[in-house]
Every structure is written in C-alpha cells, then in structure tokens.
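All remarks here apply to the structure that follows.
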Amino acid sequence: MPDDRQPRGQIDGAPSVEDPSVRALSEVVGGPVGSRAGRHPWWTPVRVLLALTAVCFALGMVKDGPCYRAEWSDSQVNYTNMCYSDLPYLYTGRGFAELHWPYTDDPGVRSRYQAMEYPVVISYWAWWAAEVTQRLRGSPDAQARAGIPVDSLGGDPEVHSEMLTFVAVNAVGFAALALLAAWLLAGVNRRRPWDAALFAVSPTLALTGLVNWDMVAVVAVAGALWAWSRDRPVLTGAIVGLGIAAKLYPLFLLGAILVICLRNRRFRELGQAWGMAALTWVLLNAPAYLAGPEAWKTFWRFNSERGADLGSIWLVLDQRFDWSTSADTINLWSWLFFGSWCVGVLVLGLSAPSTPRLAQLGFLVVAGFLLVNKVYSPQYVLWLLPLAVLARPRLRDQVIWQLSEVIYFACVWWYLNGSLAPGDGGDAEFYWFAIGLRMAGELYLVAVVVRDTWWPSHDPVRPRRAPRGQVTTTRSNAVAV
C-alpha cells in the first residue's frame, strides 16, 4: 500500500488533544476539545485551513507594502523592511517589458537581455504574467521600447507602472497556488487534515512567498504527495516532472519513491512514476529547447558556474579562511557530500522497522541538498515547508526549525544592507552565526525525522495500535472488527 494512504472515515484526534504543545496552549481558551464536541456544518477542517492560508499569505502581501509604495526603487527600503522581491527587476531585466519569448536566441534580443536563469516552467509563468500585465495596462506597444536603453527602461513611467502590476499579477497567482497547496496537503492523510495547518499559518510562507517564483514548485511537491497518497504513481510522476521543470529539487522525490518501491517490491509503480516524470519533463522543456537551445542552457550554465553565494556553508568558509574556492571545487565537494547523504537516506529507508512515509524521505533528501548547496536564498525555506510539516507534524519541532529560518531571513537582509558589517570593515561574522543557526535548525528537524523513521512509535502519523479484538488488514486498508 502507499506509505501515506488512509481510509475514509473519522478524523483522528484534534491537535489540541494529541499534540502536547497545542494542548498546553489550548488551556488559554478552555482546554482541549472534548469528545462530545460537535462540528460546524460549514467550517470543515479544509475550509478552515484555506481561510488560514489566505490570511497568512495576505499578511505577507501587507509586509511587502513598503516596497510596493516605494516602487522597489530604493534598496534601503527593500532591505530595511525585508520586502525585497526579484519580480519587478526581472520584468525589465529579462525582456518581459517588451514581451520577448524567454527562449529566443535572436542576437538582437540577447544583446539587450540576459536569458532567464530559471527552469522552463518558471519562465513560462513569468512570460504569461507579463502578457496578463500588459493586457491589464491596455496592451501598450512593447516593441516601441526597443530603442530605450535597458538601464533606463525601468525609469519610464509607463514601464514602471507595469512593474507594479506585474508584481500584483504574480502575487494573486501565488496566493492561488498557496491555497491549492494547502488543500492538497490537507488531503494527503484523510484522517489528519490538521497537519496542513502548520503550512497554512507558517511565518516562512508569509515572509518569503513573494520573493521569487518558488511557489510554483511548492504546489508541485504538495501535489506529488497528494497523488502518491491516492496510489496514483502515473499522476505522481507527471506532477514531479512538472516540479522538476519549475525547480530542480522536486527531482529528489523520485529518490524517496525509489526507496519505498524497492522496500515493498513495487517495481511497476516505480517505473510508472519515474517514466512519467521523465516524459513530462521532456515535453515541458521541448518548446524552450527547440526555440532557443542556447537560452535554454542558461539555467544549467548559471548553476554550474555559480560560486559560493548567500546563506551557504561555502560562503562562510570562503570568508573565514579566505579560500576563494572555485565553482568546480564546490561542485565536486557538494555533490560528494550530497551523494553520501543520499546513500545514508537509502540505508535508513531500507532498514527501518516499517516503510517510511514519502514526506519523511523527501524531507531528508531535500534537507541534505540544502545543507551543502552553493546558495541558500531566503525563499528556499519553501522547498522544505510542505515536506517538513507532514514529515513531523508537531508544533514544538516546527517552531524550533522555523524560528531558525525566520532569524536567518532577517539577517540576510541586514547583511545585504551592510547593517551587520563591523566598524573595522571586517567580515560580517554575525551573518555566519545566522547561517550556522539556520543549518542547526534544519539538522534538528532532520534528527527528529530520522528518530521517527527508525523508531516509528515516535511518529505521530503512524496509526495507533488497534484495540484488542480489532484486526487491521494491510491489503485493503479497511478495518475489520
């Protein structure tokens, strides 16, 4: 059976009953919900979760208000108010103001604009958002802008107004994706929809949801978890392929599926999931590659040639020891570390007393990648979020991990603003501390998930032992009395 599949029926205990931290906090409002408590006829758990997600994401939009009012034209406002976003700058910096197709090798376009350094689905999304933006602005003559220098394009009043609309269009789209992700996560385990509340009210969702286009991949990960829980390997593979075409990291879910299928000898489902993921990725990449192969290769070149960057342990080592490590050296060692980490996850998954859940294995693999990656942009926490909240749905552990991410989020903007630089002009060592704290938070949650995997009795998601006289069948997932 799939690792996450659950029968339809009664919802398991409410968080105020089974989560010790939530139970303690519930005393403020009268204590845990009673066994005779009724249910609201309209406010179902899923509807409550969608409302919470909407409020959380709206608060993130409010948080970005100072940058919107300053029209993202003042870096001091961006960093001081922690509301920086890549979106307005890429509208003019990648040719969307002229509605150029992201994957063109036309020499005239490439002489003006750098190709998009993101996978194809994000580029498609950005191009679509630019098209919607210009339609909302009355379909201006974008081709007439070819004579304006790119550096001056953002200063054009009409283009500048479009930049703000472009951000708003993306924000509405991201909000819809956040709602869809919450709905999917609530459905992964039918008897535990409240586990998705840790996603719906996450401060990291509010803080980082508008930094870049990562929400596109987040909803793909949530969709893959949902499809796998429904025993639909073909759909799972298709959604994973979509996610890989948006951000590379959903690829690692295929490793988690490999462990589950090897352990349970589900080779047919393994082939279906992997095969459909590859096919979907190829189909989504084909239009971009055929239109402009050199532009399509930009993403791969950019990530291969990138050196030690924000938030990474490699940046700390370079600054602390003045190593100036080359990109090739970092590539080699980071992939060696990550490969060893994956072997460890494989051994854990195959030797654990019971089959680990997809969310657990997926979280462990993605966390390992982010711990040794060359860069940790502030919004990368979203890569972990849907996996983490289902891998370990406990408030205390989520608070510990997400608090470390929130501290890092604040420090990265202070670092870019120069606020962490010491008076003597040395390195910003407090930023190193923030990076170490972020990594420690991730390693803490990794350790807890490993413990749950090795000792399943600690896993709050595992079904409780059936009462005497009640037999649980694993063939049909039904309960026989």
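Convention: chains lettered A, B, ... in structure tokens order; per-chain residue numbering from 1; ligands numbered from 1 as shown.
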Review point. Could you pull the residues within 9 Å of Leu205 (chain A), counting only C-alpha atoms, minus those fewer than 2 positions along the same chain, as a VMD selection string?
Key: chain A and resid 53 56 to 57 60 178 199 to 203 207 to 210 379 381 to 382 385
**Study point:** Nearby residues (only C-alpha atoms) at most 8 Å from region 403-410 of chain A, same-chain spacing under 6 positions excluded, as a VMD selection string
**Key:** chain A and resid 82 203 to 204 378 381 434 to 435 437 to 438 440 to 441
Study note, to complete from the structure: Shortest contact to Leu254 (chain A), candidates A:Leu310, A:Ala224, A:Ala14, A:Ala115, atoms counted only C-alpha atoms, goes to A:Ala224
Review point. Which of these, A:Phe252, A:Thr453, A:Ser340, A:Tyr431, has the shortest distance to Val365 (chain A) once you count only C-alpha atoms?
Key: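 That would be A:Phe252, the residue with the smallest distance to Val365 (chain A).
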Point to revise | Atom-to-atom span, CA of Val345 (chain A) and CA of Asp19 (chain A), Å | key: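 Between these atoms lies a distance of 27.0 Å.
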Exercise for review: Skip Tyr376 (chain A) itself and residues of its chain fewer than 4 positions away, then list as a list in words all residues within 7 Å of it, counting only C-alpha atoms.
Suggested key: Leu310, Gly311, Ser312, Leu370 and Tyr380 of chain A
Practice item. Have a look at A:Pro88, A:Gly243, A:Gly187, A:Pro460 and name the one nearest to Leu153 (chain A); count only C-alpha atoms. Key: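 Looking at the shortest contact to Leu153 (chain A), the residue is A:Pro88.
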Practice item. Pick out the closest residue to Ala129 (chain A) from this set: A:Tyr68, A:Tyr103, A:Phe338, A:Trp213. Count only C-alpha atoms. Key: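 Distance minimum relative to Ala129 (chain A) lands on A:Trp213.
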Practice item. Find, counting only C-alpha atoms, the residue in A:Ala197, A:Met215, A:Ala245, A:Ala176 that gets nearest to Tyr124 (chain A). Key: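 Counting only C-alpha atoms, the residue closest to Tyr124 (chain A) is A:Ala245.
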Could I get the residues of region 49-149 of chain A with an atom no further than 7 Å from an atom of region 157-171 of chain A, each paired with its nearest atom pair and that distance in Å to one decimal, using only C-alpha atoms, sorted by chain and residue number, as a tab-separated table?
```
residue	atom	partner	partner_atom	distance
A:Glu71	CA	A:Leu164	CA	6.9
A:Leu87	CA	A:Val167	CA	6.1
A:Pro88	CA	A:Met163	CA	5.2
A:Tyr91	CA	A:Met163	CA	6.4
A:Ala97	CA	A:Val159	CA	6.9
A:Ala129	CA	A:Val169	CA	6.3
A:Ala130	CA	A:Phe166	CA	6.2
A:Thr133	CA	A:Phe166	CA	5.4
```
Review point. Can you list, as a PyMOL selection string, every protein, DNA or RNA residue that comes within 12 Å of region 392-396 of chain A when you count only C-alpha atoms, leaving out same-chain residues fewer than 4 positions away?
Key: chain A and resi 15-16+18-25+185-186+189+192-199+201-202+357-361+363-364+384-388+400-403+444-453+456+458-462
**Study point:** Distance in Å - CA of Ser334 (chain A) versus CA of Leu371 (chain A)
**Key:**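 Result for CA of Ser334 (chain A) versus CA of Leu371 (chain A): 9.2 Å, one decimal.
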Point to revise | Gap from CA of Asp318 (chain A) to CA of Leu332 (chain A) - Å, one decimal | key: 15.7 Å
Review point. Out of A:Glu98, A:Ser85, A:Leu184, A:Asn373, which residue has the shortest atom-to-atom distance to Ala227 (chain A) when counting only C-alpha atoms?
Key: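 Using only C-alpha atoms, the shortest distance to Ala227 (chain A) belongs to A:Leu184.
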Exercise for review: Show which residues sit within 12 Å of Leu279 (chain A), as a list in words. Count only C-alpha atoms, and ignore same-chain residues fewer than 2 positions away.
Suggested key: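 The contact residues come out as Val234, Leu235, Gly237, Ala238, Ile239, Val240, Gly241, Leu242, Ile244, Ala245, Gly271, Gln272, Ala273, Trp274, Gly275, Met276, Ala277, Trp281, Val282, Leu283, Leu284, Asn285 and Ala286 of chain A.
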Next, the residues of the selection above should be written as a compact mmCIF listing (two decimals), in the first residue's frame with C-alpha atoms.
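What follows is the written file part.txt:
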```txt
# COMPACT_ATOMS: atom_id res chain seq x y z
CA VAL A 234 1.46 7.89 -13.02
CA LEU A 235 -0.07 11.15 -11.78
CA GLY A 237 5.32 11.13 -11.83
CA ALA A 238 3.61 13.72 -14.02
CA ILE A 239 3.44 16.22 -11.13
CA VAL A 240 7.04 15.53 -10.13
CA GLY A 241 8.08 16.12 -13.76
CA LEU A 242 6.22 19.42 -13.68
CA ILE A 244 11.43 19.46 -11.88
CA ALA A 245 10.68 21.71 -14.84
CA GLY A 271 8.69 2.53 -13.44
CA GLN A 272 5.41 4.38 -13.91
CA ALA A 273 6.39 7.25 -11.63
CA TRP A 274 9.92 7.63 -12.98
CA GLY A 275 8.90 7.18 -16.59
CA MET A 276 6.07 9.70 -16.42
CA ALA A 277 8.30 12.20 -14.61
CA TRP A 281 9.94 17.00 -18.07
CA VAL A 282 10.90 16.40 -21.70
CA LEU A 283 7.54 17.61 -23.02
CA LEU A 284 7.69 20.78 -20.94
CA ASN A 285 11.29 21.54 -21.91
CA ALA A 286 10.91 20.75 -25.62
```
